[in-house]
$ cat coords_35.pdb   # PDB, C-alpha atoms
ATOM      1  CA  MET M   1      35.997 -54.300 -51.256
ATOM      2  CA  ARG M   2      34.234 -54.537 -54.556
ATOM      3  CA  VAL M   3      30.872 -56.169 -54.296
ATOM      4  CA  ALA M   4      29.103 -58.454 -56.689
ATOM      5  CA  LYS M   5      26.426 -56.917 -58.870
ATOM      6  CA  PRO M   6      22.837 -57.991 -58.230
ATOM      7  CA  GLY M   7      22.237 -61.390 -59.777
ATOM      8  CA  VAL M   8      25.975 -62.132 -59.983
ATOM      9  CA  ASP M   9      27.465 -64.177 -57.171
ATOM     10  CA  THR M  10      31.173 -63.564 -57.772
ATOM     11  CA  ILE M  11      33.464 -60.643 -57.074
ATOM     12  CA  ASP M  12      35.403 -59.487 -60.125
ATOM     13  CA  SER M  13      38.539 -58.322 -58.340
ATOM     14  CA  VAL M  14      40.033 -57.410 -55.009
ATOM     15  CA  GLU M  15      42.516 -54.597 -54.537
ATOM     16  CA  ASP M  16      45.563 -55.294 -52.380
ATOM     17  CA  TYR M  17      44.453 -52.864 -49.667
ATOM     18  CA  GLU M  18      41.174 -54.813 -49.413
ATOM     19  CA  ILE M  19      42.680 -58.218 -48.681
ATOM     20  CA  TYR M  20      42.495 -57.805 -44.909
ATOM     21  CA  SER M  21      38.784 -57.044 -45.081
ATOM     22  CA  VAL M  22      38.296 -60.148 -47.241
ATOM     23  CA  ILE M  23      40.331 -62.773 -45.329
ATOM     24  CA  GLY M  24      40.667 -61.102 -41.929
ATOM     25  CA  GLU M  25      43.018 -61.762 -39.059
ATOM     26  CA  ASP M  26      42.136 -65.442 -39.054
ATOM     27  CA  GLY M  27      42.977 -65.812 -42.739
ATOM     28  CA  PHE M  28      46.442 -64.362 -42.286
ATOM     29  CA  ALA M  29      46.989 -66.521 -39.191
ATOM     30  CA  ARG M  30      46.026 -69.678 -41.143
ATOM     31  CA  LEU M  31      48.239 -68.732 -44.080
ATOM     32  CA  ILE M  32      51.357 -67.950 -42.076
ATOM     33  CA  SER M  33      50.896 -70.933 -39.778
ATOM     34  CA  ALA M  34      50.619 -73.203 -42.835
ATOM     35  CA  PHE M  35      53.815 -71.690 -44.249
ATOM     36  CA  TYR M  36      55.889 -72.014 -41.063
ATOM     37  CA  ARG M  37      54.766 -75.625 -40.486
ATOM     38  CA  ARG M  38      56.623 -76.440 -43.707
ATOM     39  CA  VAL M  39      59.843 -74.546 -42.975
ATOM     40  CA  PRO M  40      61.640 -76.704 -40.352
ATOM     41  CA  GLN M  41      61.553 -79.851 -42.525
ATOM     42  CA  ASP M  42      62.637 -78.054 -45.687
ATOM     43  CA  GLU M  43      66.253 -78.770 -46.701
ATOM     44  CA  ILE M  44      66.771 -75.243 -48.111
ATOM     45  CA  LEU M  45      64.767 -72.942 -45.859
ATOM     46  CA  GLY M  46      65.043 -74.950 -42.635
ATOM     47  CA  PRO M  47      68.800 -74.316 -42.238
ATOM     48  CA  MET M  48      68.308 -70.600 -42.915
ATOM     49  CA  TYR M  49      66.151 -70.362 -39.824
ATOM     50  CA  GLY M  50      68.312 -72.758 -37.815
ATOM     51  CA  ASN M  51      67.611 -72.272 -34.124
ATOM     52  CA  HIS M  52      65.924 -68.922 -34.678
ATOM     53  CA  ASP M  53      62.600 -68.234 -33.077
ATOM     54  CA  LEU M  54      60.145 -69.562 -35.659
ATOM     55  CA  GLN M  55      57.215 -68.434 -33.557
ATOM     56  CA  GLY M  56      58.646 -64.905 -33.519
ATOM     57  CA  ALA M  57      59.262 -65.025 -37.271
ATOM     58  CA  GLU M  58      55.695 -66.207 -37.795
ATOM     59  CA  HIS M  59      54.390 -63.353 -35.672
ATOM     60  CA  CYS M  60      56.453 -60.752 -37.585
ATOM     61  CA  LEU M  61      55.431 -62.002 -41.021
ATOM     62  CA  ARG M  62      51.775 -62.196 -40.039
ATOM     63  CA  ASP M  63      51.781 -58.657 -38.626
ATOM     64  CA  PHE M  64      53.642 -57.334 -41.668
ATOM     65  CA  LEU M  65      51.138 -58.885 -44.085
ATOM     66  CA  VAL M  66      48.163 -57.730 -42.027
ATOM     67  CA  PHE M  67      49.494 -54.164 -42.210
ATOM     68  CA  ARG M  68      50.521 -54.390 -45.869
ATOM     69  CA  PHE M  69      47.091 -55.577 -46.920
ATOM     70  CA  GLY M  70      44.913 -53.104 -45.048
ATOM     71  CA  GLY M  71      44.785 -54.238 -41.426
ATOM     72  CA  PRO M  72      46.035 -52.767 -38.158
ATOM     73  CA  ALA M  73      49.536 -51.277 -38.128
ATOM     74  CA  ARG M  74      50.933 -53.480 -35.332
ATOM     75  CA  TYR M  75      54.037 -54.285 -37.368
ATOM     76  CA  ILE M  76      54.922 -50.620 -37.905
ATOM     77  CA  GLU M  77      54.150 -49.759 -34.300
ATOM     78  CA  SER M  78      56.463 -52.455 -32.945
ATOM     79  CA  ARG M  79      59.207 -52.684 -35.592
ATOM     80  CA  GLY M  80      59.053 -49.500 -37.635
ATOM     81  CA  HIS M  81      59.595 -49.394 -41.400
ATOM     82  CA  PRO M  82      59.749 -52.905 -42.890
ATOM     83  CA  ARG M  83      63.208 -52.434 -44.511
ATOM     84  CA  LEU M  84      62.793 -55.844 -46.101
ATOM     85  CA  ARG M  85      66.130 -55.947 -47.923
ATOM     86  CA  MET M  86      68.050 -54.947 -44.813
ATOM     87  CA  ARG M  87      66.233 -57.430 -42.565
ATOM     88  CA  HIS M  88      66.819 -60.282 -45.021
ATOM     89  CA  GLY M  89      70.385 -59.349 -46.004
ATOM     90  CA  ARG M  90      71.953 -61.943 -43.697
ATOM     91  CA  PHE M  91      70.262 -64.758 -45.592
ATOM     92  CA  HIS M  92      71.674 -66.246 -48.787
ATOM     93  CA  ILE M  93      68.703 -65.730 -51.121
ATOM     94  CA  ASP M  94      69.474 -66.991 -54.596
ATOM     95  CA  GLN M  95      67.064 -68.248 -57.266
ATOM     96  CA  VAL M  96      66.807 -71.660 -55.607
ATOM     97  CA  ALA M  97      65.981 -70.197 -52.173
ATOM     98  CA  ARG M  98      63.535 -67.737 -53.715
ATOM     99  CA  ASP M  99      61.764 -70.478 -55.627
ATOM    100  CA  ARG M 100      61.592 -72.739 -52.580
ATOM    101  CA  TRP M 101      60.178 -69.952 -50.388
ATOM    102  CA  LEU M 102      57.585 -69.233 -53.054
ATOM    103  CA  SER M 103      56.773 -72.933 -53.385
ATOM    104  CA  LEU M 104      56.127 -73.287 -49.646
ATOM    105  CA  MET M 105      54.075 -70.104 -49.586
ATOM    106  CA  THR M 106      52.051 -71.270 -52.600
ATOM    107  CA  ALA M 107      51.298 -74.542 -50.800
ATOM    108  CA  ALA M 108      50.256 -72.510 -47.741
ATOM    109  CA  LEU M 109      47.983 -70.366 -49.937
ATOM    110  CA  GLU M 110      46.334 -73.490 -51.302
ATOM    111  CA  GLU M 111      45.833 -74.837 -47.786
ATOM    112  CA  ALA M 112      44.349 -71.542 -46.575
ATOM    113  CA  SER M 113      41.655 -71.755 -49.289
ATOM    114  CA  PHE M 114      40.996 -68.088 -49.942
ATOM    115  CA  SER M 115      38.890 -66.815 -52.817
ATOM    116  CA  PRO M 116      40.651 -66.969 -56.191
ATOM    117  CA  GLU M 117      40.752 -63.157 -56.277
ATOM    118  CA  ALA M 118      42.473 -62.855 -52.884
ATOM    119  CA  THR M 119      44.821 -65.728 -53.724
ATOM    120  CA  ASP M 120      45.841 -64.053 -56.989
ATOM    121  CA  VAL M 121      46.673 -60.764 -55.254
ATOM    122  CA  LEU M 122      48.720 -62.519 -52.566
ATOM    123  CA  ARG M 123      50.487 -64.822 -55.033
ATOM    124  CA  THR M 124      51.530 -61.838 -57.160
ATOM    125  CA  PHE M 125      52.802 -59.953 -54.121
ATOM    126  CA  PHE M 126      54.751 -62.959 -52.827
ATOM    127  CA  GLY M 127      56.364 -63.583 -56.215
ATOM    128  CA  GLN M 128      57.433 -59.957 -56.639
ATOM    129  CA  THR M 129      58.691 -59.655 -53.080
ATOM    130  CA  ALA M 130      60.611 -62.941 -53.188
ATOM    131  CA  THR M 131      62.378 -61.740 -56.346
ATOM    132  CA  PHE M 132      63.078 -58.344 -54.770
ATOM    133  CA  LEU M 133      64.769 -59.993 -51.798
ATOM    134  CA  MET M 134      67.228 -62.030 -53.886
ATOM    135  CA  ASN M 135      70.788 -61.060 -53.045
ATOM    136  CA  GLU M 136      72.796 -63.520 -55.120
TER     137      GLU M 136
END
$ encode --input "coords_35.pdb" --output "structure tokens"
Amino acid sequence: MRVAKPGVDTIDSVEDYEIYSVIGEDGFARLISAFYRRVPQDEILGPMYGNHDLQGAEHCLRDFLVFRFGGPARYIESRGHPRLRMRHGRFHIDQVARDRWLSLMTAALEEASFSPEATDVLRTFFGQTATFLMNE
């Protein structure tokens, strides 16, 4: 993690691989919990999950993000390569679904209250990944 210079009490930037050291396990747990609390009531994303195991989905996303942003490799150890497009191929992900997912995740980011630097890195990643996963 980059540290503030003496006499300056802000950090200029955070690299993506440093996010875990900045927000920790608890930060990712808060973020993903805040996201999945919004999903069941959502008229677009809720039906995509249907009767699926939301707790399992929450666990997978949390472990993936922990690994992706510099934490323990639990996701890789239990599930192997992320293969995001393959794992999400069964879902109809058009611009509307992408935007809604990003909207719920942005609200979760705001609720989690991370530093602006960490929030910016995560917001950029989520936007790029949501676009990458579009299949319609």
$ residues_around --input "coords_35.pdb" --residues "Arg30 in chain M" --least-positions-apart "3" --cutoff "10 Å" --atoms "all atoms listed in the file" --output "NGL selection string"
:M and (23 or 25-27 or 33-35 or 62 or 108-109 or 111-113)
$ residues_around --input "coords_35.pdb" --residues "Trp101 in chain M" --least-positions-apart "5" --cutoff "12 Å" --atoms "all atoms listed in the file" --output "PyMOL selection string"
chain M and resi 35-36+38-39+42-46+48+93-96+106-108+123+126-127+129-131+133-134
$ resolve_selection --input "coords_35.pdb" --expression "the PyMOL selection byres ((chain M and resi 66) around 12)" --output "tab-separated table (two decimals) with C-alpha atoms, in the frame of the given file"
chain	number	residue	atom	x	y	z
M	16	ASP	CA	45.56	-55.29	-52.38
M	17	TYR	CA	44.45	-52.86	-49.67
M	18	GLU	CA	41.17	-54.81	-49.41
M	19	ILE	CA	42.68	-58.22	-48.68
M	20	TYR	CA	42.50	-57.80	-44.91
M	21	SER	CA	38.78	-57.04	-45.08
M	22	VAL	CA	38.30	-60.15	-47.24
M	23	ILE	CA	40.33	-62.77	-45.33
M	24	GLY	CA	40.67	-61.10	-41.93
M	25	GLU	CA	43.02	-61.76	-39.06
M	26	ASP	CA	42.14	-65.44	-39.05
M	27	GLY	CA	42.98	-65.81	-42.74
M	28	PHE	CA	46.44	-64.36	-42.29
M	29	ALA	CA	46.99	-66.52	-39.19
M	31	LEU	CA	48.24	-68.73	-44.08
M	32	ILE	CA	51.36	-67.95	-42.08
M	59	HIS	CA	54.39	-63.35	-35.67
M	60	CYS	CA	56.45	-60.75	-37.58
M	61	LEU	CA	55.43	-62.00	-41.02
M	62	ARG	CA	51.78	-62.20	-40.04
M	63	ASP	CA	51.78	-58.66	-38.63
M	64	PHE	CA	53.64	-57.33	-41.67
M	65	LEU	CA	51.14	-58.88	-44.08
M	67	PHE	CA	49.49	-54.16	-42.21
M	68	ARG	CA	50.52	-54.39	-45.87
M	69	PHE	CA	47.09	-55.58	-46.92
M	70	GLY	CA	44.91	-53.10	-45.05
M	71	GLY	CA	44.78	-54.24	-41.43
M	72	PRO	CA	46.04	-52.77	-38.16
M	73	ALA	CA	49.54	-51.28	-38.13
M	74	ARG	CA	50.93	-53.48	-35.33
M	75	TYR	CA	54.04	-54.28	-37.37
M	76	ILE	CA	54.92	-50.62	-37.90
M	122	LEU	CA	48.72	-62.52	-52.57
$ atom_distance --input "coords_35.pdb" --atom1 "CA of Gln128 in chain M" --atom2 "CA of Glu15 in chain M"
16.0 Å
$ closest_residue --input "coords_35.pdb" --among "M:Phe125, M:Asp120, M:Phe132, M:Leu104" --to "Arg83 in chain M" --atoms "only C-alpha atoms"
M:Phe132
$ decode --input "coords_35.pdb" --residues "range 46-132 of chain M" --atoms "C-alpha atoms" --output "PDB file, in the first residue's frame"
ATOM      1  CA  GLY M  46     -34.014 -10.976  -8.186  1.00  0.00           C
ATOM      2  CA  PRO M  47     -35.561 -13.261 -10.843  1.00  0.00           C
ATOM      3  CA  MET M  48     -32.110 -14.112 -12.211  1.00  0.00           C
ATOM      4  CA  TYR M  49     -31.212 -15.650  -8.879  1.00  0.00           C
ATOM      5  CA  GLY M  50     -34.659 -17.162  -8.355  1.00  0.00           C
ATOM      6  CA  ASN M  51     -34.425 -19.934  -5.784  1.00  0.00           C
ATOM      7  CA  HIS M  52     -30.655 -20.184  -6.097  1.00  0.00           C
ATOM      8  CA  ASP M  53     -28.537 -20.224  -2.999  1.00  0.00           C
ATOM      9  CA  LEU M  54     -27.941 -16.525  -2.353  1.00  0.00           C
ATOM     10  CA  GLN M  55     -25.743 -17.324   0.615  1.00  0.00           C
ATOM     11  CA  GLY M  56     -23.585 -19.524  -1.622  1.00  0.00           C
ATOM     12  CA  ALA M  57     -23.460 -16.823  -4.299  1.00  0.00           C
ATOM     13  CA  GLU M  58     -22.451 -14.289  -1.661  1.00  0.00           C
ATOM     14  CA  HIS M  59     -19.694 -16.586  -0.445  1.00  0.00           C
ATOM     15  CA  CYS M  60     -18.356 -17.150  -3.992  1.00  0.00           C
ATOM     16  CA  LEU M  61     -18.339 -13.467  -4.912  1.00  0.00           C
ATOM     17  CA  ARG M  62     -16.684 -12.494  -1.644  1.00  0.00           C
ATOM     18  CA  ASP M  63     -13.955 -15.124  -2.033  1.00  0.00           C
ATOM     19  CA  PHE M  64     -13.405 -14.164  -5.672  1.00  0.00           C
ATOM     20  CA  LEU M  65     -12.992 -10.476  -4.813  1.00  0.00           C
ATOM     21  CA  VAL M  66     -10.741 -11.233  -1.850  1.00  0.00           C
ATOM     22  CA  PHE M  67      -8.465 -13.230  -4.162  1.00  0.00           C
ATOM     23  CA  ARG M  68      -8.663 -10.744  -7.038  1.00  0.00           C
ATOM     24  CA  PHE M  69      -7.653  -7.858  -4.816  1.00  0.00           C
ATOM     25  CA  GLY M  70      -4.708  -9.398  -2.997  1.00  0.00           C
ATOM     26  CA  GLY M  71      -6.117 -11.677  -0.307  1.00  0.00           C
ATOM     27  CA  PRO M  72      -6.049 -15.428   0.273  1.00  0.00           C
ATOM     28  CA  ALA M  73      -6.694 -17.680  -2.726  1.00  0.00           C
ATOM     29  CA  ARG M  74      -9.686 -19.544  -1.248  1.00  0.00           C
ATOM     30  CA  TYR M  75     -11.719 -19.014  -4.412  1.00  0.00           C
ATOM     31  CA  ILE M  76      -9.069 -20.577  -6.657  1.00  0.00           C
ATOM     32  CA  GLU M  77      -8.473 -23.411  -4.220  1.00  0.00           C
ATOM     33  CA  SER M  78     -12.154 -24.354  -4.095  1.00  0.00           C
ATOM     34  CA  ARG M  79     -13.425 -23.432  -7.578  1.00  0.00           C
ATOM     35  CA  GLY M  80     -10.394 -23.141  -9.829  1.00  0.00           C
ATOM     36  CA  HIS M  81     -10.040 -20.495 -12.541  1.00  0.00           C
ATOM     37  CA  PRO M  82     -12.819 -17.888 -12.321  1.00  0.00           C
ATOM     38  CA  ARG M  83     -14.044 -18.393 -15.934  1.00  0.00           C
ATOM     39  CA  LEU M  84     -16.420 -15.493 -15.406  1.00  0.00           C
ATOM     40  CA  ARG M  85     -18.025 -15.539 -18.854  1.00  0.00           C
ATOM     41  CA  MET M  86     -18.685 -19.266 -18.683  1.00  0.00           C
ATOM     42  CA  ARG M  87     -20.106 -19.126 -15.150  1.00  0.00           C
ATOM     43  CA  HIS M  88     -22.426 -16.245 -16.057  1.00  0.00           C
ATOM     44  CA  GLY M  89     -23.419 -17.496 -19.522  1.00  0.00           C
ATOM     45  CA  ARG M  90     -26.756 -18.887 -18.325  1.00  0.00           C
ATOM     46  CA  PHE M  91     -27.908 -15.429 -17.283  1.00  0.00           C
ATOM     47  CA  HIS M  92     -29.429 -12.933 -19.706  1.00  0.00           C
ATOM     48  CA  ILE M  93     -27.061  -9.989 -19.190  1.00  0.00           C
ATOM     49  CA  ASP M  94     -28.008  -7.083 -21.408  1.00  0.00           C
ATOM     50  CA  GLN M  95     -27.365  -3.366 -20.873  1.00  0.00           C
ATOM     51  CA  VAL M  96     -30.307  -3.072 -18.482  1.00  0.00           C
ATOM     52  CA  ALA M  97     -29.157  -6.009 -16.321  1.00  0.00           C
ATOM     53  CA  ARG M  98     -25.573  -4.759 -16.381  1.00  0.00           C
ATOM     54  CA  ASP M  99     -26.618  -1.282 -15.319  1.00  0.00           C
ATOM     55  CA  ARG M 100     -28.855  -2.607 -12.549  1.00  0.00           C
ATOM     56  CA  TRP M 101     -26.105  -4.879 -11.190  1.00  0.00           C
ATOM     57  CA  LEU M 102     -23.722  -1.935 -11.217  1.00  0.00           C
ATOM     58  CA  SER M 103     -26.312   0.288  -9.539  1.00  0.00           C
ATOM     59  CA  LEU M 104     -26.812  -2.184  -6.681  1.00  0.00           C
ATOM     60  CA  MET M 105     -23.076  -2.675  -6.303  1.00  0.00           C
ATOM     61  CA  THR M 106     -22.513   1.096  -6.284  1.00  0.00           C
ATOM     62  CA  ALA M 107     -25.094   1.444  -3.503  1.00  0.00           C
ATOM     63  CA  ALA M 108     -23.299  -1.346  -1.617  1.00  0.00           C
ATOM     64  CA  LEU M 109     -19.973   0.472  -2.086  1.00  0.00           C
ATOM     65  CA  GLU M 110     -21.483   3.631  -0.643  1.00  0.00           C
ATOM     66  CA  GLU M 111     -22.853   1.695   2.323  1.00  0.00           C
ATOM     67  CA  ALA M 112     -19.499   0.001   2.958  1.00  0.00           C
ATOM     68  CA  SER M 113     -17.829   3.431   3.302  1.00  0.00           C
ATOM     69  CA  PHE M 114     -14.332   2.657   2.085  1.00  0.00           C
ATOM     70  CA  SER M 115     -11.719   5.305   1.390  1.00  0.00           C
ATOM     71  CA  PRO M 116     -12.293   7.206  -1.860  1.00  0.00           C
ATOM     72  CA  GLU M 117      -9.167   5.584  -3.324  1.00  0.00           C
ATOM     73  CA  ALA M 118     -10.341   2.026  -2.594  1.00  0.00           C
ATOM     74  CA  THR M 119     -13.863   2.858  -3.767  1.00  0.00           C
ATOM     75  CA  ASP M 120     -12.536   4.221  -7.066  1.00  0.00           C
ATOM     76  CA  VAL M 121     -10.506   1.071  -7.760  1.00  0.00           C
ATOM     77  CA  LEU M 122     -13.460  -1.195  -6.967  1.00  0.00           C
ATOM     78  CA  ARG M 123     -15.957   0.923  -8.915  1.00  0.00           C
ATOM     79  CA  THR M 124     -13.722   0.822 -12.000  1.00  0.00           C
ATOM     80  CA  PHE M 125     -13.288  -2.938 -11.722  1.00  0.00           C
ATOM     81  CA  PHE M 126     -17.022  -3.534 -11.266  1.00  0.00           C
ATOM     82  CA  GLY M 127     -17.905  -1.352 -14.254  1.00  0.00           C
ATOM     83  CA  GLN M 128     -15.402  -3.069 -16.548  1.00  0.00           C
ATOM     84  CA  THR M 129     -16.353  -6.546 -15.387  1.00  0.00           C
ATOM     85  CA  ALA M 130     -20.097  -5.914 -15.665  1.00  0.00           C
ATOM     86  CA  THR M 131     -19.580  -4.768 -19.264  1.00  0.00           C
ATOM     87  CA  PHE M 132     -17.367  -7.780 -19.999  1.00  0.00           C
TER      88      PHE M 132
END
